[in-house]
There are 6 protein chains.
Amino acid sequence: MSAGFVFTDPPRVAPDLAAAFAPYGVATIHEAQGRVGLLASHMRPIYPGARLAGAAVTVSVPPADNWMLHVAVEQCRAGDVLVVAPTSPCDAGYFGELLASSLAARGVVGLIIEAGVRDVAALTAMRFPVWSKAVSAQGTVKETLGSVNAPLVCAGRLVQPGDLIVADDDGVVVVPRRNAGDVLRKSEARERKEAATRARLQAGELGLDIYGMRQKLKEKGLIYRPFMEEG
Amino acid sequence: MSAGFVFTDPPRVAPDLAAAFAPYGVATIHEAQGRVGLLASHMRPIYPGARLAGAAVTVSVPPADNWMLHVAVEQCRAGDVLVVAPTSPCDAGYFGELLASSLAARGVVGLIIEAGVRDVAALTAMRFPVWSKAVSAQGTVKETLGSVNAPLVCAGRLVQPGDLIVADDDGVVVVPRRNAGDVLRKSEARERKEAATRARLQAGELGLDIYGMRQKLKEKGLIYRPFMEEG
Amino acid sequence: MSAGFVFTDPPRVAPDLAAAFAPYGVATIHEAQGRVGLLASHMRPIYPGARLAGAAVTVSVPPADNWMLHVAVEQCRAGDVLVVAPTSPCDAGYFGELLASSLAARGVVGLIIEAGVRDVAALTAMRFPVWSKAVSAQGTVKETLGSVNAPLVCAGRLVQPGDLIVADDDGVVVVPRRNAGDVLRKSEARERKEAATRARLQAGELGLDIYGMRQKLKEKGLIYRPFMEEG
Amino acid sequence: MSAGFVFTDPPRVAPDLAAAFAPYGVATIHEAQGRVGLLASHMRPIYPGARLAGAAVTVSVPPADNWMLHVAVEQCRAGDVLVVAPTSPCDAGYFGELLASSLAARGVVGLIIEAGVRDVAALTAMRFPVWSKAVSAQGTVKETLGSVNAPLVCAGRLVQPGDLIVADDDGVVVVPRRNAGDVLRKSEARERKEAATRARLQAGELGLDIYGMRQKLKEKGLIYRPFMEEG
Amino acid sequence: MSAGFVFTDPPRVAPDLAAAFAPYGVATIHEAQGRVGLLASHMRPIYPGARLAGAAVTVSVPPADNWMLHVAVEQCRAGDVLVVAPTSPCDAGYFGELLASSLAARGVVGLIIEAGVRDVAALTAMRFPVWSKAVSAQGTVKETLGSVNAPLVCAGRLVQPGDLIVADDDGVVVVPRRNAGDVLRKSEARERKEAATRARLQAGELGLDIYGMRQKLKEKGLIYRPFMEEG
Amino acid sequence: MSAGFVFTDPPRVAPDLAAAFAPYGVATIHEAQGRVGLLASHMRPIYPGARLAGAAVTVSVPPADNWMLHVAVEQCRAGDVLVVAPTSPCDAGYFGELLASSLAARGVVGLIIEAGVRDVAALTAMRFPVWSKAVSAQGTVKETLGSVNAPLVCAGRLVQPGDLIVADDDGVVVVPRRNAGDVLRKSEARERKEAATRARLQAGELGLDIYGMRQKLKEKGLIYRPFMEEG
């Protein structure tokens, strides 16, 4: 899809469904979803403890040009997450306190951007969560079109408008809108199972026994030998 | 300029002028200055909330050799900022608690170094702010000369001794000494304007309207279309 | 050494000897040891103020396969530190809350891993310290053998099982088991000397004088000149 | 899409249509397509002058596990291009002379892989072109499933099975199958226009005049001033 | 200096002086100049054996916007070298065959750009030498002003218009215009001295003896010991 | 081991044994050895087709200080390979034509260095093969001791003096001296087996059948489905 289009009113993952993901971490959701949809590990939160779950509004932007972010604001609703990627790599500061104020006024819950952000002290004070590739005070221009709500590759993963985005200290995961209910159930199940395992591990049981690994390790040929120092 | 020179007593940006930059962030000052002088985004503060404004004492150092830092300390006055770059890339820990104690005793307000620092827990406890490319316990030698108060390229930008340095969570900006007054006025003006815009955005107005972007976007050919799901 | 071996019960640095390193930072210990054994600066703690000292249990793992971590848990005792490196570069999340619970139950004091970790919010809440190359929610498989307690290169340094590992905000250092007593004495001596120097620097004395550098600088040809502005 | 699926016989861009792209470079095609579909610049050919055009067979692989490449070979026809991406970053050598021999025997025209390759001397001697992120002799295992002919993000761009892939010294571009005819016509048109412009530039005309830029530059405020040396 | 200025007719290093550097490599010139002025090692030639010496025309460009290159062409004379740096990091392909044709028509001898280039097969065929940070087919826009012949930091070094630029397989060095004659003489002297040393080394003499290092090594405490295998 | 020692006359892998590795590539040898000992993939040859096999003389060097290379030359014999690593990361040009002339005069077959080299055009003309992390004209000093023939970690792998080093376009592998005979036999066996497999693959047989993978893939749950286009 070339630049120059704004697609209005895509269907979104339902707000209450997004909200139901609150108890589950990105690692759990990514596992529950079959290990797909995790953005690259260079996407880091601007403050520890940042966390969000919401519906993607996607924005493709030219390098160092944030014009389309202003266009995108109007397309956002309460509960949305702005997901932004430049068409070639860029660490300029596309986003700061003013745009965050505007998004917060519309109920947008945060930003995922594979580029730079600025005003991070103010964003932290506002508790407006951002996951970015860089922090940079470098400004951007408003000269060239991009697109809003087209399918977007951000940090190595395909994001469709309306998809569920969940982010925490471990990173960012995208869940296709239609899979969100199923992934929620699987996340709940996984969490219950992990809680039980955690209790056994805390009590001193070994994963080798809980998961029944000893036989398979033996079949693979694992050998135990007393340590002998050289020399 | 080859190594082996210490230039003494360069004129500095006036301390009260430097102090007047306190209310303004690096992003604001960088914009007010016409978007020049921002150091590369790999220069990161060692603790959140670090902030400084002062006059540059520049130090060119050989890779993994911090001898000239000891020479530079004597050239520093209250209100100065040490700005250090190696002659080829290096992440060794040139600077730690001892040098910070010495600089703090002279009233130096912080360090900008495109290399490594160490003792960051102690520096954080002292609230001695540092922006660096790396944290590393690797020590350095004292064998080879560099220079103090020669013009220096640090993290991609030219710094002259006596120039104003401002740094915060967003990064580091250099303002040429003679421009500092002008940039201060422009920063004030910019901040006032942004405060007004922020209030309007917080009230729910759109940047598209505040900045009058709709006509220009139309002229560029931006097209709005209802979102239609494939399939 | 090829994969597929677990060496049991290597001799460890004595727990009380490891504990005696508590007052000394990584930078000090690295200096005291003659500037060897420092891991690469990309190994960063998951929270500020993280700190540990203990005996290495080494684990060589295939890329994105954490099976051997489960095997390694059983080989750990109170006071041990897990030291993990993949056989080729990988940022997947090998380690999270469950493995940390299991290690904590055995008294393991922390993890050094040249790869990714996940559940960092939970690990931070538990105060289970980790130094890693990345944070990533990407899971791993359990299909291929590695080794436990073989000599290991982690982040550029050789680690033998039972060696002393010390880590803090400045990074990670390995001290060969048999050298630990000697390095402890040298660390104490160095710390005492630095404390005295620090006091003199805080009182305003210059390193140039304390260290007697002026003559050597002169012999090397250092020239002082009044700063003259160009133009 | 989770792992474990092979989708057979996707429709491909027609071989003669792919072949018709031979005269056009990646830069021309990328422009003709509206500047979308270019893979990241870290994808480099293993020898200068490498070039291909063909239909994508997509392969999603686990880190350091090349089992699915063997599965994918069977799905390939003459004129295909294998497009491979790992589920998390990896530079292991997934591919070497044996797999190249097998693909060449089926008429496959080359490989695009966001990971490592090996046997590059032999691949160069065979003139089997490869664009990769790394060269590495590190082997891989055959333990875990991936997928063949599912939509794939490779080096930051979405590739559907059957899409046209063109690669040369400038990099790799993907053209959606249904757009290939249109992009071919636009590439031809662009090439004709560039040939005319090239002739005028070679004759000494200026782009400023050919493209009529002087008025727009003036309106933007460009100022010409005689150079005055400082000092 | 903010954007929007073209400084015309800066004095240049004399063409015959630039030409006299032909026999000397970048490494020799960098040494002769006192080890200053070397651009960062990520600046690589697009083909082996590329080489140039000429006078800098400097161009500061916005990220992914090559408008000012067209402006710069008109400012170039025979023997010039275009030296280009973006205001924030960018790997887009600013430059290709058309601009090279235009520069070649004016006698420009090559390009140094801390960003991307494209059409590298054509540039290689033309033997138009380029040193760049990346190869990328990604196009650029023509919307925003930069500057021509202002002082520029490129790949970490300050370049003034008219300065001598020399580049070869080892990288790129800048020599201030007024120092070029002196650096030429020193390069000649260094080369003569190295030729004599080379002959002695080829005859089997040791650098330890030629440079008289043995005594200094002994004073520093170097110890020779027969190798004893552990164990 | 601290700096300041030269260990003389370590036992070396026998020259004729090293020479017997000539027909085998690094990838083959690495496999034959059980997939250990491969240096990191950032170690690249300075020209295509470079290749060597010989006995390691190890050199630990301070950052940007090549004094110990001169010391090491004297320790080298015909058939040796110099293996160099800095104590912290550095891309300076430690090595150029003069040192290569000296090593070549002694019959040294090449250099492996996890840092920079210079004079690469001359080294290429001499066919003196080098694998390095960078090419840089940046010179080094001769002020600080390192060590020769101590165990060394280079590019992530432990190298003992006298170990066999083999390098080609795929990278660099280290084989412990005492294992070289065994690894040679396994390389021969592997090469024979691969030749047979290659012939079958070239004849159109599938790896799926040759390696008998179909049953295991089925057991893992691989599913084949006809491709169905969305929409």
# chains A, B, ... in the order shown; residues from 1 in each chain; ligands from 1

$ interface_residues --of "chain F" --to "chain C" --cutoff "7 Å" --atoms "only C-alpha atoms" --output "number ranges by chain"
F: 2, 34, 36, 153, 156-157

$ write_last_selection --atoms "all heavy atoms" --output "short mmCIF file (atom, residue, chain, number, x, y, z; two decimals), in the first residue's frame"
data_model
loop_
_atom_site.label_atom_id
_atom_site.label_comp_id
_atom_site.auth_asym_id
_atom_site.auth_seq_id
_atom_site.Cartn_x
_atom_site.Cartn_y
_atom_site.Cartn_z
N SER F 2 47.51 -11.72 34.52
CA SER F 2 47.73 -10.30 34.30
C SER F 2 48.68 -10.08 33.14
O SER F 2 49.29 -11.01 32.62
CB SER F 2 48.33 -9.66 35.56
OG SER F 2 47.38 -9.68 36.59
N GLY F 34 32.32 -31.17 16.57
CA GLY F 34 31.21 -31.18 17.53
C GLY F 34 30.67 -29.79 17.79
O GLY F 34 30.09 -29.53 18.84
N VAL F 36 32.03 -26.77 18.26
CA VAL F 36 32.62 -25.85 19.24
C VAL F 36 33.78 -25.12 18.56
O VAL F 36 34.30 -25.56 17.54
CB VAL F 36 33.12 -26.58 20.50
CG1 VAL F 36 31.96 -27.24 21.24
CG2 VAL F 36 34.17 -27.63 20.13
N VAL F 153 40.85 -15.22 25.11
CA VAL F 153 39.53 -15.27 24.49
C VAL F 153 39.51 -14.28 23.34
O VAL F 153 39.73 -13.09 23.52
CB VAL F 153 38.41 -14.95 25.50
CG1 VAL F 153 37.07 -14.88 24.79
CG2 VAL F 153 38.35 -16.00 26.60
N GLY F 156 35.01 -14.42 21.34
CA GLY F 156 34.11 -15.31 22.06
C GLY F 156 34.59 -16.72 22.28
O GLY F 156 33.86 -17.52 22.86
N ARG F 157 35.80 -17.05 21.79
CA ARG F 157 36.27 -18.43 21.98
C ARG F 157 37.65 -18.45 22.63
O ARG F 157 38.48 -17.59 22.34
CB ARG F 157 36.34 -19.15 20.63
CG ARG F 157 35.03 -19.30 19.92
CD ARG F 157 33.99 -20.06 20.74
NE ARG F 157 32.67 -19.91 20.10
CZ ARG F 157 31.53 -19.82 20.77
NH1 ARG F 157 31.50 -19.90 22.08
NH2 ARG F 157 30.40 -19.67 20.13
#

$ select_by_dssp --residues "region 70-198 of chain F" --states "helix (DSSP H, G or I)" --output "MDAnalysis selection string"
chainID F and resid 70:75 97:105 120:126 177:198

$ residues_around --residues "Leu208 (chain E)" --least-positions-apart "6" --cutoff "9 Å" --atoms "only C-alpha atoms" --output "list in words"
Arg214 of chain E; His70, Val71, Val73 and Glu74 of chain F

$ closest_residue --among "C:Leu69, C:Val173, C:Ala121, C:Val6" --to "Gly25 (chain C)" --atoms "only C-alpha atoms"
C:Val173

$ residues_around --residues "Ala134 (chain F)" --least-positions-apart "4" --cutoff "12 Å" --atoms "only C-alpha atoms" --output "ChimeraX atom specification"
/B:89 /E:40-44,169-171 /F:42-46,89-95,112-118,120,130,138

$ atom_distance --atom1 "CA of Lys186 (chain F)" --atom2 "CA of Tyr24 (chain F)"
10.7 Å

$ residues_around --residues "Lys142 (chain B)" --least-positions-apart "6" --cutoff "6 Å" --atoms "only C-alpha atoms" --output "list in words"
Asp65, Asn66 and Trp67 of chain B

$ atom_distance --atom1 "CA of Tyr211 (chain F)" --atom2 "CA of Met68 (chain D)"
13.1 Å

$ atom_distance --atom1 "CA of Ala18 (chain F)" --atom2 "CA of Ala150 (chain C)"
26.7 Å

$ residues_around --residues "Val109 (chain A)" --least-positions-apart "6" --cutoff "8 Å" --atoms "only C-alpha atoms" --output "list in words"
Leu52, Ala53, Gly54, Ala78, Gly79, Asp80, Val81, Leu103, Phe128 and Pro129 of chain A

$ write_last_selection --atoms "N, CA, C and O atoms" --output "JSON list (two decimals), in the first residue's frame"
[["chain", "number", "residue", "atom", "x", "y", "z"],
["A", 52, "LEU", "N", 0.34, -1.59, 29.14],
["A", 52, "LEU", "CA", -0.90, -1.20, 28.45],
["A", 52, "LEU", "C", -1.50, -2.40, 27.74],
["A", 52, "LEU", "O", -0.82, -3.39, 27.45],
["A", 53, "ALA", "N", -2.79, -2.29, 27.43],
["A", 53, "ALA", "CA", -3.50, -3.22, 26.55],
["A", 53, "ALA", "C", -4.56, -2.40, 25.83],
["A", 53, "ALA", "O", -5.33, -1.67, 26.48],
["A", 54, "GLY", "N", -4.60, -2.49, 24.50],
["A", 54, "GLY", "CA", -5.59, -1.71, 23.75],
["A", 54, "GLY", "C", -5.57, -2.07, 22.29],
["A", 54, "GLY", "O", -4.86, -2.99, 21.87],
["A", 78, "ALA", "N", -11.06, 6.27, 22.72],
["A", 78, "ALA", "CA", -10.65, 5.79, 24.04],
["A", 78, "ALA", "C", -10.29, 4.31, 23.95],
["A", 78, "ALA", "O", -11.00, 3.53, 23.31],
["A", 79, "GLY", "N", -9.18, 3.95, 24.55],
["A", 79, "GLY", "CA", -8.76, 2.56, 24.56],
["A", 79, "GLY", "C", -7.81, 2.18, 23.44],
["A", 79, "GLY", "O", -7.28, 1.08, 23.42],
["A", 80, "ASP", "N", -7.57, 3.11, 22.53],
["A", 80, "ASP", "CA", -6.65, 2.79, 21.42],
["A", 80, "ASP", "C", -5.19, 2.92, 21.84],
["A", 80, "ASP", "O", -4.85, 3.59, 22.83],
["A", 81, "VAL", "N", -4.34, 2.29, 21.05],
["A", 81, "VAL", "CA", -2.89, 2.38, 21.18],
["A", 81, "VAL", "C", -2.34, 2.81, 19.82],
["A", 81, "VAL", "O", -2.66, 2.18, 18.82],
["A", 103, "LEU", "N", -3.41, 12.91, 22.77],
["A", 103, "LEU", "CA", -3.88, 11.51, 22.81],
["A", 103, "LEU", "C", -4.56, 11.20, 24.13],
["A", 103, "LEU", "O", -5.60, 10.53, 24.17],
["A", 128, "PHE", "N", 2.18, 8.43, 30.79],
["A", 128, "PHE", "CA", 1.76, 8.04, 29.44],
["A", 128, "PHE", "C", 2.81, 7.04, 28.93],
["A", 128, "PHE", "O", 3.92, 7.42, 28.60],
["A", 129, "PRO", "N", 2.46, 5.75, 28.85],
["A", 129, "PRO", "CA", 3.49, 4.75, 28.54],
["A", 129, "PRO", "C", 3.86, 4.72, 27.06],
["A", 129, "PRO", "O", 3.00, 4.81, 26.19]]

$ residues_around --residues "Arg178 (chain E)" --least-positions-apart "6" --cutoff "12 Å" --atoms "only C-alpha atoms" --output "ChimeraX atom specification"
/E:11-14,17-18,55,160-164,184

$ write_last_selection --atoms "all heavy atoms" --output "compact mmCIF listing (two decimals), in the first residue's frame"
# COMPACT_ATOMS: atom_id res chain seq x y z
N PRO E 11 37.29 29.04 -0.73
CA PRO E 11 38.61 28.68 -1.24
C PRO E 11 38.81 27.18 -1.07
O PRO E 11 38.33 26.59 -0.09
CB PRO E 11 39.56 29.47 -0.34
CG PRO E 11 38.77 29.86 0.85
CD PRO E 11 37.32 29.90 0.45
N ARG E 12 39.49 26.58 -2.04
CA ARG E 12 39.74 25.13 -1.99
C ARG E 12 41.22 24.86 -1.91
O ARG E 12 42.04 25.63 -2.43
CB ARG E 12 39.26 24.47 -3.29
CG ARG E 12 37.86 23.94 -3.30
CD ARG E 12 36.96 24.87 -4.00
NE ARG E 12 35.74 24.17 -4.45
CZ ARG E 12 34.64 24.82 -4.79
NH1 ARG E 12 34.57 26.14 -4.72
NH2 ARG E 12 33.59 24.13 -5.21
N VAL E 13 41.55 23.70 -1.36
CA VAL E 13 42.90 23.19 -1.49
C VAL E 13 43.20 23.13 -3.00
O VAL E 13 42.35 22.76 -3.80
CB VAL E 13 43.01 21.80 -0.82
CG1 VAL E 13 42.09 20.78 -1.46
CG2 VAL E 13 44.44 21.31 -0.80
N ALA E 14 44.41 23.54 -3.37
CA ALA E 14 44.73 23.62 -4.80
C ALA E 14 44.70 22.24 -5.45
O ALA E 14 45.16 21.26 -4.85
CB ALA E 14 46.12 24.24 -4.96
N LEU E 17 47.90 20.36 -5.58
CA LEU E 17 48.31 19.91 -4.24
C LEU E 17 47.54 18.64 -3.87
O LEU E 17 48.12 17.65 -3.39
CB LEU E 17 48.07 21.03 -3.22
CG LEU E 17 48.47 20.75 -1.77
CD1 LEU E 17 49.89 20.24 -1.65
CD2 LEU E 17 48.31 22.02 -0.93
N ALA E 18 46.22 18.65 -4.11
CA ALA E 18 45.42 17.44 -3.85
C ALA E 18 45.97 16.26 -4.64
O ALA E 18 46.13 15.16 -4.12
CB ALA E 18 43.95 17.70 -4.19
N ALA E 55 38.89 18.37 -3.00
CA ALA E 55 38.46 19.44 -2.10
C ALA E 55 37.01 19.25 -1.69
O ALA E 55 36.15 19.02 -2.54
CB ALA E 55 38.62 20.78 -2.80
N GLN E 160 35.59 21.38 6.93
CA GLN E 160 35.31 22.73 6.43
C GLN E 160 35.29 22.67 4.90
O GLN E 160 36.07 21.92 4.30
CB GLN E 160 36.43 23.70 6.88
CG GLN E 160 36.59 23.84 8.37
CD GLN E 160 35.58 24.79 9.01
OE1 GLN E 160 34.73 25.36 8.32
NE2 GLN E 160 35.66 24.93 10.32
N PRO E 161 34.44 23.45 4.26
CA PRO E 161 34.47 23.46 2.80
C PRO E 161 35.86 23.83 2.31
O PRO E 161 36.53 24.70 2.88
CB PRO E 161 33.45 24.54 2.43
CG PRO E 161 33.14 25.27 3.68
CD PRO E 161 33.46 24.37 4.82
N GLY E 162 36.31 23.17 1.26
CA GLY E 162 37.64 23.42 0.70
C GLY E 162 38.74 22.58 1.32
O GLY E 162 39.85 22.53 0.79
N ASP E 163 38.45 21.90 2.43
CA ASP E 163 39.44 21.00 3.04
C ASP E 163 39.78 19.87 2.08
O ASP E 163 38.98 19.48 1.23
CB ASP E 163 38.88 20.38 4.34
CG ASP E 163 38.96 21.33 5.54
OD1 ASP E 163 39.56 22.42 5.43
OD2 ASP E 163 38.38 20.97 6.59
N LEU E 164 40.97 19.33 2.26
CA LEU E 164 41.36 18.17 1.48
C LEU E 164 40.74 16.90 2.07
O LEU E 164 40.81 16.67 3.28
CB LEU E 164 42.89 18.02 1.50
CG LEU E 164 43.44 16.75 0.82
CD1 LEU E 164 43.25 16.80 -0.68
CD2 LEU E 164 44.91 16.55 1.18
N LEU E 184 51.52 17.05 3.28
CA LEU E 184 52.11 16.37 2.13
C LEU E 184 53.59 16.09 2.38
O LEU E 184 54.06 14.96 2.16
CB LEU E 184 51.93 17.22 0.86
CG LEU E 184 52.54 16.60 -0.41
CD1 LEU E 184 51.89 15.28 -0.76
CD2 LEU E 184 52.42 17.58 -1.58

$ select_by_dssp --residues "region 1-215 of chain B" --states "strand (DSSP E or B)" --output "MDAnalysis selection string"
chainID B and resid 5:8 38 44:45 52:61 65 80:86 90 93:95 110:117 130:135 141 147:148 152:154 157:159 164:168 171:175
